[in-house]
Amino acid sequence: MKLIRFGEIGKEKPGVIIGEKRYDVSSIVTDFNESFFEENGLEKLQKALDSNPSLPEVDASVRLGSPVARPSKIICIGLNYIDHCKETNAPIPTEPIIFFKSTTSLCGPDDDLIIPKNSEKTDWEVELAFVVGKKASYVEEAEALDYVAGYALLNDYSERAFQLERGGQWAKGKGSDTFAPLGPFLATKDEVADVDNLKMWLTVNGKKYQDSNTLNLVFKIPYLVHYLSQFMTLLPGDIISTGTPPGVGLGIKPDPVYIKAGDVIELGIEGLGTSKQKAVAYQNIN
């Protein structure tokens with residue numbers, strides 16, 4: 001299945017993509033949130049869809065929100081591509097680097113990117129994210145994929161001055177509003193033939209900056225589930241973003257490139273769709 005949430009901000013309803021069309025499933029499930037995943041919602045929804053219900057079609061012009069509602073956590077993995085480590089002059093990690101994005105940074109895949117107040121170094125990061133399907137604590141790596149509900153495209157926006165020049169706390173540069181556009185959809189595991197071999201890319205104003213493949217991940221998803229679950233309980237609906245490949249603005253030589261108001265950022269991952277954000281200045285937001 002491909003899960004979507006659609007409608008106005010704060011009023012999204014659950015839906016699915018079947019073929020190329022979107023359908024409203026709010027008559028079957030309340031939302032794609034923690035309780036949905038915890039209560040075996042994916043299997044129940046699939047059974048309901050298999051019974052061929054008559055579902056309202058959702059027009060393609062309707063806004064898409066994040067395909068997951070109100071996760072308890074958004075966990076990110078830093079420096080998880082070898083070439084990205086090199087471009088940022090960082091050592092290749094021997095264990096995953098973990099940081100959090102605020103849950104208020106989550107937004108729809110095509111929502112505007114709001115450049116934070118006083119920001120001069122807002123940057124982009126195309127990433128493969130996965131969503132936890134059931135409660136996970138001290139999970140063995142061999143069983144880790146049993147705890148994954150599906151995969152999605154995420155842009156891990158970062159304000160580099162806040163992240164690197166304000167006392168060393170990465171979370172400061174990661175948690176601004178609109179800094180985690182997710183989607184367009186959440187693809188269940190059966191929709192993705194090989195999550196370890198997906199092309200990924202990102203452009204700014206039509207110029208390609210990131211062009212890589214999930215083959216190049218340092219730490220793969222099963223290990224990440226296992227590793228994270230040694231330090232915290234992962235709850236159904238939690239979002240884990242696996243890191244970005246080379247080509248971020250910070251790493252451009254000789255002079256870094258950062259996002260300006262009016263810039264258009266487009267990105268995609270093979271099999272997981274594309275998203276598009278227009279950058280707008282904070283002071284222009286009512």
# chains A, B, ... in the order shown; residues from 1 in each chain; ligands from 1

$ select_by_dssp --residues "segment 105-252 of chain A" --states "strand (DSSP E or B)" --output "count of residues only"
49

$ residues_around --residues "Gly243 of chain A" --least-positions-apart "5" --cutoff "6 Å" --atoms "only C-alpha atoms" --output "number ranges by chain"
A: 77-78, 80, 127

$ residues_around --residues "Thr242 of chain A" --least-positions-apart "2" --cutoff "12 Å" --atoms "only C-alpha atoms" --output "PyMOL selection string"
chain A and resi 74-81+96-100+125-131+151-156+195-196+214+216-225+228+239-240+244-245

$ residues_around --residues "segment 37-52 of chain A" --least-positions-apart "6" --cutoff "6 Å" --atoms "only C-alpha atoms" --output "list in words"
Gly133, Lys134 and Pro236 of chain A

$ residues_around --residues "segment 187-193 of chain A" --least-positions-apart "4" --cutoff "8 Å" --atoms "only C-alpha atoms" --output "list in words"
Met1, Lys2, Leu3, Val148, Ala149, Gly150, Tyr151, Ala152, Gly271 and Leu272 of chain A

$ residues_around --residues "segment 158-170 of chain A" --least-positions-apart "3" --cutoff "9 Å" --atoms "only C-alpha atoms" --output "PDB file with C-alpha atoms, in the first residue's frame"
ATOM      1  CA  PHE A  99      19.965  13.417  16.805  1.00  0.00           C
ATOM      2  CA  PHE A 100      16.322  14.430  16.962  1.00  0.00           C
ATOM      3  CA  ILE A 115      13.458  30.003   6.293  1.00  0.00           C
ATOM      4  CA  PRO A 116      13.824  30.571  10.056  1.00  0.00           C
ATOM      5  CA  SER A 119      18.815  32.318   9.338  1.00  0.00           C
ATOM      6  CA  GLU A 120      21.602  32.770   6.818  1.00  0.00           C
ATOM      7  CA  LYS A 121      22.620  29.133   6.299  1.00  0.00           C
ATOM      8  CA  THR A 122      19.523  27.022   5.626  1.00  0.00           C
ATOM      9  CA  ASP A 123      20.573  23.838   3.804  1.00  0.00           C
ATOM     10  CA  TRP A 124      18.962  20.791   2.163  1.00  0.00           C
ATOM     11  CA  GLU A 125      19.350  17.018   2.695  1.00  0.00           C
ATOM     12  CA  GLY A 173      19.608  23.579  13.486  1.00  0.00           C
ATOM     13  CA  LYS A 174      17.218  20.759  12.714  1.00  0.00           C
ATOM     14  CA  GLY A 175      13.925  21.489  14.411  1.00  0.00           C
ATOM     15  CA  SER A 176      12.479  24.620  12.823  1.00  0.00           C
ATOM     16  CA  PHE A 179      12.179  21.412   8.322  1.00  0.00           C
ATOM     17  CA  LEU A 250      27.560  23.218   3.296  1.00  0.00           C
TER      18      LEU A 250
END

$ closest_residue --among "A:Val68, A:Ile259, A:Asp177, A:Val58" --to "Asp31 of chain A" --atoms "only C-alpha atoms"
A:Val68

$ residues_around --residues "Val264 of chain A" --least-positions-apart "3" --cutoff "7 Å" --atoms "only C-alpha atoms" --output "ChimeraX atom specification"
/A:204-205,277-279

$ closest_residue --among "A:Asp238, A:Glu57, A:Asp112, A:Glu34" --to "Gly262 of chain A" --atoms "only C-alpha atoms"
A:Asp112

$ closest_residue --among "A:Leu215, A:Ile82, A:Val25, A:Ala136" --to "Ser54 of chain A" --atoms "only C-alpha atoms"
A:Val25

$ decode --residues "segment 165-196 of chain A" --atoms "N, CA, C and O atoms" --output "mmCIF file, in the first residue's frame"
data_model
loop_
_atom_site.group_PDB
_atom_site.id
_atom_site.type_symbol
_atom_site.label_atom_id
_atom_site.label_comp_id
_atom_site.auth_asym_id
_atom_site.auth_seq_id
_atom_site.Cartn_x
_atom_site.Cartn_y
_atom_site.Cartn_z
ATOM 1 N N GLU A 165 27.351 26.403 14.995
ATOM 2 C CA GLU A 165 28.007 27.589 15.547
ATOM 3 C C GLU A 165 27.327 28.114 16.806
ATOM 4 O O GLU A 165 27.644 29.202 17.270
ATOM 5 N N ARG A 166 26.412 27.335 17.363
ATOM 6 C CA ARG A 166 25.647 27.795 18.526
ATOM 7 C C ARG A 166 25.778 26.814 19.690
ATOM 8 O O ARG A 166 24.809 26.428 20.317
ATOM 9 N N GLY A 167 27.003 26.373 19.964
ATOM 10 C CA GLY A 167 27.237 25.528 21.115
ATOM 11 C C GLY A 167 27.243 24.044 20.828
ATOM 12 O O GLY A 167 27.234 23.242 21.761
ATOM 13 N N GLY A 168 27.257 23.668 19.552
ATOM 14 C CA GLY A 168 27.443 22.263 19.203
ATOM 15 C C GLY A 168 26.227 21.377 19.315
ATOM 16 O O GLY A 168 26.344 20.166 19.230
ATOM 17 N N GLN A 169 25.053 21.959 19.487
ATOM 18 C CA GLN A 169 23.844 21.144 19.597
ATOM 19 C C GLN A 169 23.157 21.047 18.236
ATOM 20 O O GLN A 169 22.545 22.001 17.767
ATOM 21 N N TRP A 170 23.233 19.895 17.602
ATOM 22 C CA TRP A 170 22.676 19.740 16.262
ATOM 23 C C TRP A 170 21.185 20.042 16.220
ATOM 24 O O TRP A 170 20.673 20.562 15.239
ATOM 25 N N ALA A 171 20.474 19.679 17.289
ATOM 26 C CA ALA A 171 19.023 19.842 17.292
ATOM 27 C C ALA A 171 18.606 21.293 17.063
ATOM 28 O O ALA A 171 17.521 21.549 16.533
ATOM 29 N N LYS A 172 19.457 22.230 17.443
ATOM 30 C CA LYS A 172 19.126 23.644 17.240
ATOM 31 C C LYS A 172 18.941 23.971 15.763
ATOM 32 O O LYS A 172 18.164 24.856 15.409
ATOM 33 N N GLY A 173 19.686 23.295 14.912
ATOM 34 C CA GLY A 173 19.608 23.579 13.486
ATOM 35 C C GLY A 173 18.683 22.673 12.712
ATOM 36 O O GLY A 173 18.584 22.794 11.486
ATOM 37 N N LYS A 174 18.001 21.778 13.402
ATOM 38 C CA LYS A 174 17.218 20.759 12.714
ATOM 39 C C LYS A 174 15.715 20.847 12.946
ATOM 40 O O LYS A 174 14.953 20.212 12.236
ATOM 41 N N GLY A 175 15.290 21.613 13.955
ATOM 42 C CA GLY A 175 13.925 21.489 14.411
ATOM 43 C C GLY A 175 12.967 22.593 14.039
ATOM 44 O O GLY A 175 11.839 22.620 14.537
ATOM 45 N N SER A 176 13.368 23.509 13.166
ATOM 46 C CA SER A 176 12.479 24.620 12.823
ATOM 47 C C SER A 176 11.225 24.132 12.098
ATOM 48 O O SER A 176 11.228 23.078 11.459
ATOM 49 N N ASP A 177 10.177 24.924 12.172
ATOM 50 C CA ASP A 177 8.949 24.593 11.458
ATOM 51 C C ASP A 177 9.245 24.366 9.977
ATOM 52 O O ASP A 177 10.042 25.091 9.380
ATOM 53 N N THR A 178 8.608 23.371 9.395
ATOM 54 C CA THR A 178 8.708 22.970 7.974
ATOM 55 C C THR A 178 10.038 22.335 7.613
ATOM 56 O O THR A 178 10.322 22.118 6.434
ATOM 57 N N PHE A 179 10.863 21.980 8.601
ATOM 58 C CA PHE A 179 12.179 21.412 8.322
ATOM 59 C C PHE A 179 12.149 19.897 8.117
ATOM 60 O O PHE A 179 13.209 19.282 7.992
ATOM 61 N N ALA A 180 10.956 19.281 8.073
ATOM 62 C CA ALA A 180 10.874 17.839 7.829
ATOM 63 C C ALA A 180 9.688 17.497 6.923
ATOM 64 O O ALA A 180 8.760 16.795 7.336
ATOM 65 N N PRO A 181 9.701 17.968 5.667
ATOM 66 C CA PRO A 181 8.643 17.543 4.750
ATOM 67 C C PRO A 181 8.775 16.047 4.457
ATOM 68 O O PRO A 181 9.844 15.578 4.055
ATOM 69 N N LEU A 182 7.694 15.304 4.687
ATOM 70 C CA LEU A 182 7.700 13.844 4.539
ATOM 71 C C LEU A 182 6.694 13.445 3.476
ATOM 72 O O LEU A 182 5.570 13.925 3.453
ATOM 73 N N GLY A 183 7.091 12.500 2.623
ATOM 74 C CA GLY A 183 6.168 12.013 1.603
ATOM 75 C C GLY A 183 6.632 12.380 0.210
ATOM 76 O O GLY A 183 7.757 12.825 0.035
ATOM 77 N N PRO A 184 5.775 12.086 -0.761
ATOM 78 C CA PRO A 184 4.318 12.210 -0.760
ATOM 79 C C PRO A 184 3.517 11.090 -0.097
ATOM 80 O O PRO A 184 2.362 11.297 0.249
ATOM 81 N N PHE A 185 4.114 9.916 0.042
ATOM 82 C CA PHE A 185 3.362 8.801 0.620
ATOM 83 C C PHE A 185 4.295 7.943 1.460
ATOM 84 O O PHE A 185 5.517 8.049 1.381
ATOM 85 N N LEU A 186 3.690 7.099 2.273
ATOM 86 C CA LEU A 186 4.421 6.053 2.982
ATOM 87 C C LEU A 186 4.184 4.756 2.232
ATOM 88 O O LEU A 186 3.037 4.305 2.110
ATOM 89 N N ALA A 187 5.245 4.159 1.709
ATOM 90 C CA ALA A 187 5.148 2.902 0.975
ATOM 91 C C ALA A 187 5.404 1.742 1.928
ATOM 92 O O ALA A 187 6.434 1.713 2.611
ATOM 93 N N THR A 188 4.474 0.815 2.007
ATOM 94 C CA THR A 188 4.703 -0.362 2.837
ATOM 95 C C THR A 188 5.831 -1.198 2.227
ATOM 96 O O THR A 188 6.179 -1.043 1.050
ATOM 97 N N LYS A 189 6.403 -2.078 3.033
ATOM 98 C CA LYS A 189 7.619 -2.792 2.627
ATOM 99 C C LYS A 189 7.446 -3.569 1.322
ATOM 100 O O LYS A 189 8.387 -3.684 0.526
ATOM 101 N N ASP A 190 6.258 -4.096 1.091
ATOM 102 C CA ASP A 190 6.034 -4.889 -0.123
ATOM 103 C C ASP A 190 6.067 -4.041 -1.387
ATOM 104 O O ASP A 190 6.165 -4.585 -2.491
ATOM 105 N N GLU A 191 6.001 -2.720 -1.236
ATOM 106 C CA GLU A 191 6.042 -1.823 -2.397
ATOM 107 C C GLU A 191 7.466 -1.559 -2.871
ATOM 108 O O GLU A 191 7.670 -1.036 -3.963
ATOM 109 N N VAL A 192 8.459 -1.905 -2.051
ATOM 110 C CA VAL A 192 9.860 -1.571 -2.351
ATOM 111 C C VAL A 192 10.656 -2.867 -2.482
ATOM 112 O O VAL A 192 10.862 -3.583 -1.499
ATOM 113 N N ALA A 193 11.118 -3.142 -3.692
ATOM 114 C CA ALA A 193 11.796 -4.421 -3.950
ATOM 115 C C ALA A 193 13.122 -4.522 -3.204
ATOM 116 O O ALA A 193 13.447 -5.561 -2.624
ATOM 117 N N ASP A 194 13.912 -3.458 -3.210
ATOM 118 C CA ASP A 194 15.232 -3.487 -2.572
ATOM 119 C C ASP A 194 15.535 -2.115 -2.020
ATOM 120 O O ASP A 194 16.025 -1.231 -2.719
ATOM 121 N N VAL A 195 15.248 -1.914 -0.742
ATOM 122 C CA VAL A 195 15.435 -0.596 -0.128
ATOM 123 C C VAL A 195 16.910 -0.207 -0.062
ATOM 124 O O VAL A 195 17.240 0.974 0.096
ATOM 125 N N ASP A 196 17.805 -1.174 -0.214
ATOM 126 C CA ASP A 196 19.241 -0.901 -0.199
ATOM 127 C C ASP A 196 19.805 -0.581 -1.576
ATOM 128 O O ASP A 196 21.019 -0.524 -1.751
#
